[in-house]
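Participant: First the structure, then my questions, so here it is.
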Amino acid sequence: MFEHKTLQNLNDYFLELDKRRERGVYFYRINGYSENVEKFLIQYYEAARLFGVVIEGKIQNPDENNLAYYEEMMGTDFQLSMGFLTFSLKKWLPRLKERQREYVAGSMYDTLDCMRKEGKNENMLKNAYIKFMCWFYYKFERIINRLGDEQVPKILYEGSISNYELKFFNILSAAGCDIVLLQHDGDSGYLKLDPASRLSECYSEDKITPFPDGFKLDSLKQGIEEKHERKMLYGEEPGISNCTNAWIKGKGLEDFLQSVQSRGRQPDLFYNCFCRINGVWDKLTYMNELYQFQLELKGNRRRVVIIDNKLPVPSMEEINAIERRQYANQEQMLKHLSGYIQYSANIQLQRLINKVFIDIMLEESKKEGMNLNRLTNKAVYLLCWFRRYRSELFNNWHQPEIACFIYFGGCKNENEALFMRFLARLPVDVLILVPNLNVRCCLCDSLLYERNETESLEAEHFPCDNTQLHMATAAYHAERELDSIMYQDSGIYRNQQYSRAVSVTLRTMYEEIAILWDQEVKYRPNFSTVENTVNLPVIFAKVSGVKDGNVARYWEKVQSLITDDTLVIRHAPFLSGTDNNPVKPYAAGFFKNGRLQRDKIKSHSCYQYGFLREEMQEHILDKLQLLIEQKLIKGTFENGTEYTIISVVLNMNRDIIRRIQKFDFTKKNPKLIYINTTERVISLEDSIFTAFLNLIGFDVVFFVPTGYQSVEKYFNGHIMEEHQIGEYIYDLQTPDFTVVQSAPQRSWKNIFKR
């Protein structure tokens, strides 16, 4: 029979019988946790699953059918003797070899004899014997047929062991079986059965702690199954791996120019760098040095890809080329999509790309809020970009070649950052340049090396050729720095400093209109700037009635508001649905799925605003989109009014367009005064026109001495302020304000004349 031996370390369990320091078996109890214990249990579970038995809970007692079959085959005889036990085992377990039968019979005899010496009567011994025989046959036959083999059979038991289970395990241990008891609740229950630890030993090591909550074989099994699935997912391991940044000297561009051969010579590694440089080292020389840098890379026959400011999103053609299915889990999804990684020219590289793709996506899957659909979309984007740049980076690749991928401007979103992380684990140097310190690159990665320079430079393009190379003088940079000091949060603004504005309609008293009217908007209440956007306080009001019935004074008040930048409409309607409008036939094609088709609009022959500066064209289209989205005009998305809105806004006359073009969002804004002295309701087109001018930043005031409903007929809700200033007067004739003069000014002589 076999003796219990003492472990030097847990790995002794996995040695073959003749290779053990002492020929014998191990029977240990594990009552605490460590990383070493967890690693061992995973390996031991696999061994017990293949060459033994795993028990979670209790060994079930023989049921009535088990006992009936035993009695039918073996009868009811029992004797505590080696001859009887050997004969019974031969009949009950005929596949046992003679040597194995001797081990089991001798071990069972010793256990039953100990029970006899403890005072157990013959009937109790017989019941224990039958229980053990049934357990041999129904639960452990695969183990006892391996007893004495070089590959020692193993039992892993999780739970609180019972008295008869312990005696049975003692039989198996002495017959040549390794056993581990995994006791989450500690050793107290076991020591009641075996106070002197005669039958097994308690395992101990430094820094062992109580088992963490939820630590069970089930969780280990799940980890093992995942590991097996991952192995199936990855396929063959690549023969090469990355050595990223370990060899660099931290010298920025110089590291990228270092020859591949001088970086390292271990054949199973490729030596690449992954670096982000924030800011610039010298504003005068930075762009020229980048130009020379890319020339030197190409002169060294390095493959180079340069991306400016934005990684173009995959097109519909690229996305549709990758078929997606209904996936049960992420492993199934990754196994299918990784099939789109094809690089038959070098099998090592294909295996590496496959491994990196799966590694990156599994890491991404652990992020908070990630689900299978989002992960699938990210994987498709990653594959689209890889397939787009594959030939430029890896055409006819051979070890130890390293391509170079330069991203100028920094990652704008998590998909771009994911692609950079993916490339940095392949035979590619990845360089991210962020010259403007006010711009943030969203990439985070443990492999990334980062350099932070002290100076900042606004640059839009990497200087790929000398036609793109624009060098600035020292005076130019000094002026830009002065700009940043004078025009940032100082209340002073340079001409056309801001390209975007949001109109904020002021609620005012009537008397305040005249006060605010000719002020620069930066002095008005609620003016503010946020990043590149101005919050623009504007007036949008209707003035009903005539104050004190004084018509002459009424027209003087109107004329006092007419500035050089004020458009006056004296008769309604200003625009009509019957007017010639070249945009109207095409308006329906300019709006799809709730969005303006901007590229289509700008490229169309009927588009009239192409001569405006680009940011003002975008401002117009932004406010057109907003006017439709907010449904300020009745009938929007109900009867096709949105197409009328488009045709009106894209067909404004040249006078209006010129006023918009010269509009500086921090200075005086353009104005519109609309006078309606009759019963005519202002047209739908006029309502659209004035609502749009309000959104774009005009001050708009309607003078309606009759108090009749006018523009508001076509507005959804109360979007402008109304001031009732006096009695209603009808049939007034609107004067020609280019002729009418205000009251003569009194001279200083008249003031002091006695």
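Chains: A, B, ... in order of the structure tokens. Residues: from 1 per chain. Ligands: from 1, in order shown.
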Among stretch 112-297 of chain A, which ones does DSSP place in strand (DSSP E or B), written as a ChimeraX atom specification?
Facilitator: /A:154-158,178-182,201-202,209,241-244,269-272,274-278,280
Participant: Given the selection you just returned, output its residues as a file containing C-alpha atoms, formatted as a PDB file, in the first residue's frame.
Facilitator:
```pdb
ATOM      1  CA  LYS A 154      -6.787  12.311  -8.391  1.00  0.00           C
ATOM      2  CA  ILE A 155      -9.821  13.309  -6.315  1.00  0.00           C
ATOM      3  CA  LEU A 156     -10.918  16.892  -5.744  1.00  0.00           C
ATOM      4  CA  TYR A 157     -13.551  17.216  -3.021  1.00  0.00           C
ATOM      5  CA  GLU A 158     -15.245  20.573  -2.310  1.00  0.00           C
ATOM      6  CA  ASP A 178      -3.960  11.727  -4.640  1.00  0.00           C
ATOM      7  CA  ILE A 179      -6.660  13.690  -2.808  1.00  0.00           C
ATOM      8  CA  VAL A 180      -7.350  17.389  -2.204  1.00  0.00           C
ATOM      9  CA  LEU A 181     -10.071  18.570   0.188  1.00  0.00           C
ATOM     10  CA  LEU A 182     -11.169  22.131  -0.633  1.00  0.00           C
ATOM     11  CA  GLU A 201      -2.361  17.168   6.231  1.00  0.00           C
ATOM     12  CA  CYS A 202      -3.341  20.835   6.243  1.00  0.00           C
ATOM     13  CA  THR A 209      -5.899  34.353   3.502  1.00  0.00           C
ATOM     14  CA  SER A 241       5.443  39.208 -30.284  1.00  0.00           C
ATOM     15  CA  ASN A 242       5.989  42.918 -29.746  1.00  0.00           C
ATOM     16  CA  CYS A 243       8.714  44.623 -27.777  1.00  0.00           C
ATOM     17  CA  THR A 244       7.192  48.101 -27.628  1.00  0.00           C
ATOM     18  CA  LEU A 269      10.411  39.797 -31.160  1.00  0.00           C
ATOM     19  CA  PHE A 270       9.756  42.863 -33.291  1.00  0.00           C
ATOM     20  CA  TYR A 271      10.857  46.220 -31.907  1.00  0.00           C
ATOM     21  CA  ASN A 272       8.399  49.073 -32.408  1.00  0.00           C
ATOM     22  CA  PHE A 274       4.306  53.907 -29.632  1.00  0.00           C
ATOM     23  CA  CYS A 275       4.604  57.587 -28.779  1.00  0.00           C
ATOM     24  CA  ARG A 276       2.512  60.735 -28.436  1.00  0.00           C
ATOM     25  CA  ILE A 277       4.165  64.168 -28.548  1.00  0.00           C
ATOM     26  CA  ASN A 278       2.041  66.965 -27.097  1.00  0.00           C
ATOM     27  CA  VAL A 280       6.094  71.556 -30.050  1.00  0.00           C
TER      28      VAL A 280
END
```
Participant: Show which residues sit within 12 Å of A:Asn320, as a PyMOL selection string. Count only C-alpha atoms, and ignore same-chain residues fewer than 2 positions away.
Facilitator: chain A and resi 314-318+322-324+380-381+383-384
Participant: Using only C-alpha atoms, which residue out of A:Arg95, A:Arg325, A:Ile224, A:Phe408 lies closest to A:Gln43?
Facilitator: A:Ile224
Participant: Rank A:Tyr730, A:Tyr70, A:Phe419, A:Phe590 by their smallest atom-to-atom distance to A:Gly549, using only C-alpha atoms, and report the top residue only.
Facilitator: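 Checking each candidate against A:Gly549, we get A:Tyr730 as the closest.
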Participant: I need the helix (DSSP H, G or I) residues of stretch 442-628 of chain A per DSSP on the backbone, written as a VMD selection string.
Facilitator: chain A and resid 474 to 486 510 to 517 521 to 523 547 to 549 551 to 560 584 to 590 598 to 603 614 to 628
Participant: Those same residues, written as a compact mmCIF listing (two decimals), in the first residue's frame with C-alpha atoms?
Facilitator:
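Saved to part_0.txt:
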```
# COMPACT_ATOMS: atom_id res chain seq x y z
CA ALA A 474 8.96 84.85 -35.08
CA ALA A 475 6.82 87.99 -35.36
CA TYR A 476 3.85 85.90 -36.53
CA HIS A 477 4.10 83.60 -33.52
CA ALA A 478 4.51 86.59 -31.21
CA GLU A 479 1.31 88.05 -32.64
CA ARG A 480 -0.54 84.78 -32.07
CA GLU A 481 0.67 84.69 -28.46
CA LEU A 482 -0.45 88.30 -28.02
CA ASP A 483 -3.82 87.27 -29.43
CA SER A 484 -4.17 84.54 -26.83
CA ILE A 485 -3.37 87.05 -24.06
CA MET A 486 -5.57 89.90 -25.32
CA TYR A 510 -40.62 98.50 -24.65
CA GLU A 511 -38.43 101.42 -23.56
CA GLU A 512 -35.37 99.12 -23.45
CA ILE A 513 -35.57 98.40 -27.18
CA ALA A 514 -34.30 101.90 -28.00
CA ILE A 515 -31.57 101.61 -25.34
CA LEU A 516 -30.25 98.22 -26.52
CA TRP A 517 -30.90 98.66 -30.24
CA VAL A 521 -24.06 92.76 -28.49
CA LYS A 522 -21.12 92.17 -26.14
CA TYR A 523 -22.51 94.94 -23.87
CA LYS A 547 -48.33 105.56 -27.69
CA ASP A 548 -50.72 108.35 -26.59
CA GLY A 549 -52.18 108.25 -30.12
CA VAL A 551 -48.72 109.44 -34.81
CA ALA A 552 -45.94 111.94 -35.57
CA ARG A 553 -44.04 110.94 -32.43
CA TYR A 554 -44.69 107.27 -33.28
CA TRP A 555 -42.96 107.57 -36.68
CA GLU A 556 -40.10 109.54 -35.11
CA LYS A 557 -39.51 106.62 -32.71
CA VAL A 558 -39.47 104.19 -35.62
CA GLN A 559 -37.03 106.33 -37.59
CA SER A 560 -34.72 106.66 -34.58
CA LYS A 584 -38.24 75.38 -54.60
CA PRO A 585 -38.14 72.50 -57.18
CA TYR A 586 -35.17 70.92 -55.42
CA ALA A 587 -36.03 71.53 -51.75
CA ALA A 588 -37.42 68.02 -51.17
CA GLY A 589 -34.11 66.49 -52.23
CA PHE A 590 -32.17 68.69 -49.82
CA ARG A 598 -25.33 69.79 -46.84
CA ASP A 599 -22.95 68.45 -49.43
CA LYS A 600 -25.78 68.08 -51.91
CA ILE A 601 -26.98 71.64 -51.22
CA LYS A 602 -23.53 73.20 -51.60
CA SER A 603 -22.79 71.39 -54.84
CA GLU A 614 -17.18 78.95 -45.16
CA GLU A 615 -17.99 79.45 -41.47
CA MET A 616 -20.90 81.76 -42.34
CA GLN A 617 -22.30 79.22 -44.82
CA GLU A 618 -22.20 76.64 -42.01
CA HIS A 619 -23.87 79.13 -39.65
CA ILE A 620 -26.73 79.62 -42.11
CA LEU A 621 -27.20 75.87 -42.57
CA ASP A 622 -26.98 75.28 -38.80
CA LYS A 623 -29.81 77.74 -38.16
CA LEU A 624 -31.86 76.35 -41.05
CA GLN A 625 -31.57 72.89 -39.49
CA LEU A 626 -32.53 74.34 -36.10
CA LEU A 627 -35.55 76.20 -37.48
CA ILE A 628 -36.87 72.93 -38.87
```
Participant: By how many Å are atom CA of A:Tyr343 and atom CA of A:Trp397 apart?
Facilitator: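 Computing the Euclidean distance for atom CA of A:Tyr343 and atom CA of A:Trp397 yields 9.8 Å.
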Participant: With a distance cut-off of 9 Å and only C-alpha atoms, select the neighbouring residues of A:Asp12, excluding the residue or stretch itself and same-chain residues fewer than 4 positions from it, and output the selection as JSON, numbers by chain.
Facilitator: {"A": [7, 8, 16, 20, 21, 26]}
Participant: Just how far from atom CA of A:Cys444 is atom CA of A:Ile240, in Å to one decimal?
Facilitator: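 Taking atom CA of A:Ile240 as the start and atom CA of A:Cys444 as the end point, the length is 24.6 Å.
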Participant: Nearest to A:Arg49 among A:Gly577, A:Phe2, A:Gly189, A:Arg142, with distances taken over only C-alpha atoms: which residue is it?
Facilitator: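 Among the listed residues, A:Arg142 lies closest to A:Arg49.
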Participant: Given only C-alpha atoms as the basis, pick out the residue of A:Asn669, A:Thr376, A:Ile656, A:Lys91 nearest to A:Gln519.
Facilitator: A:Asn669
Participant: Counting only C-alpha atoms, which residue out of A:Tyr286, A:Tyr190, A:Asp18, A:Glu102 sits closest to A:Glu165?
Facilitator: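 The closest residue to A:Glu165 is A:Tyr190.
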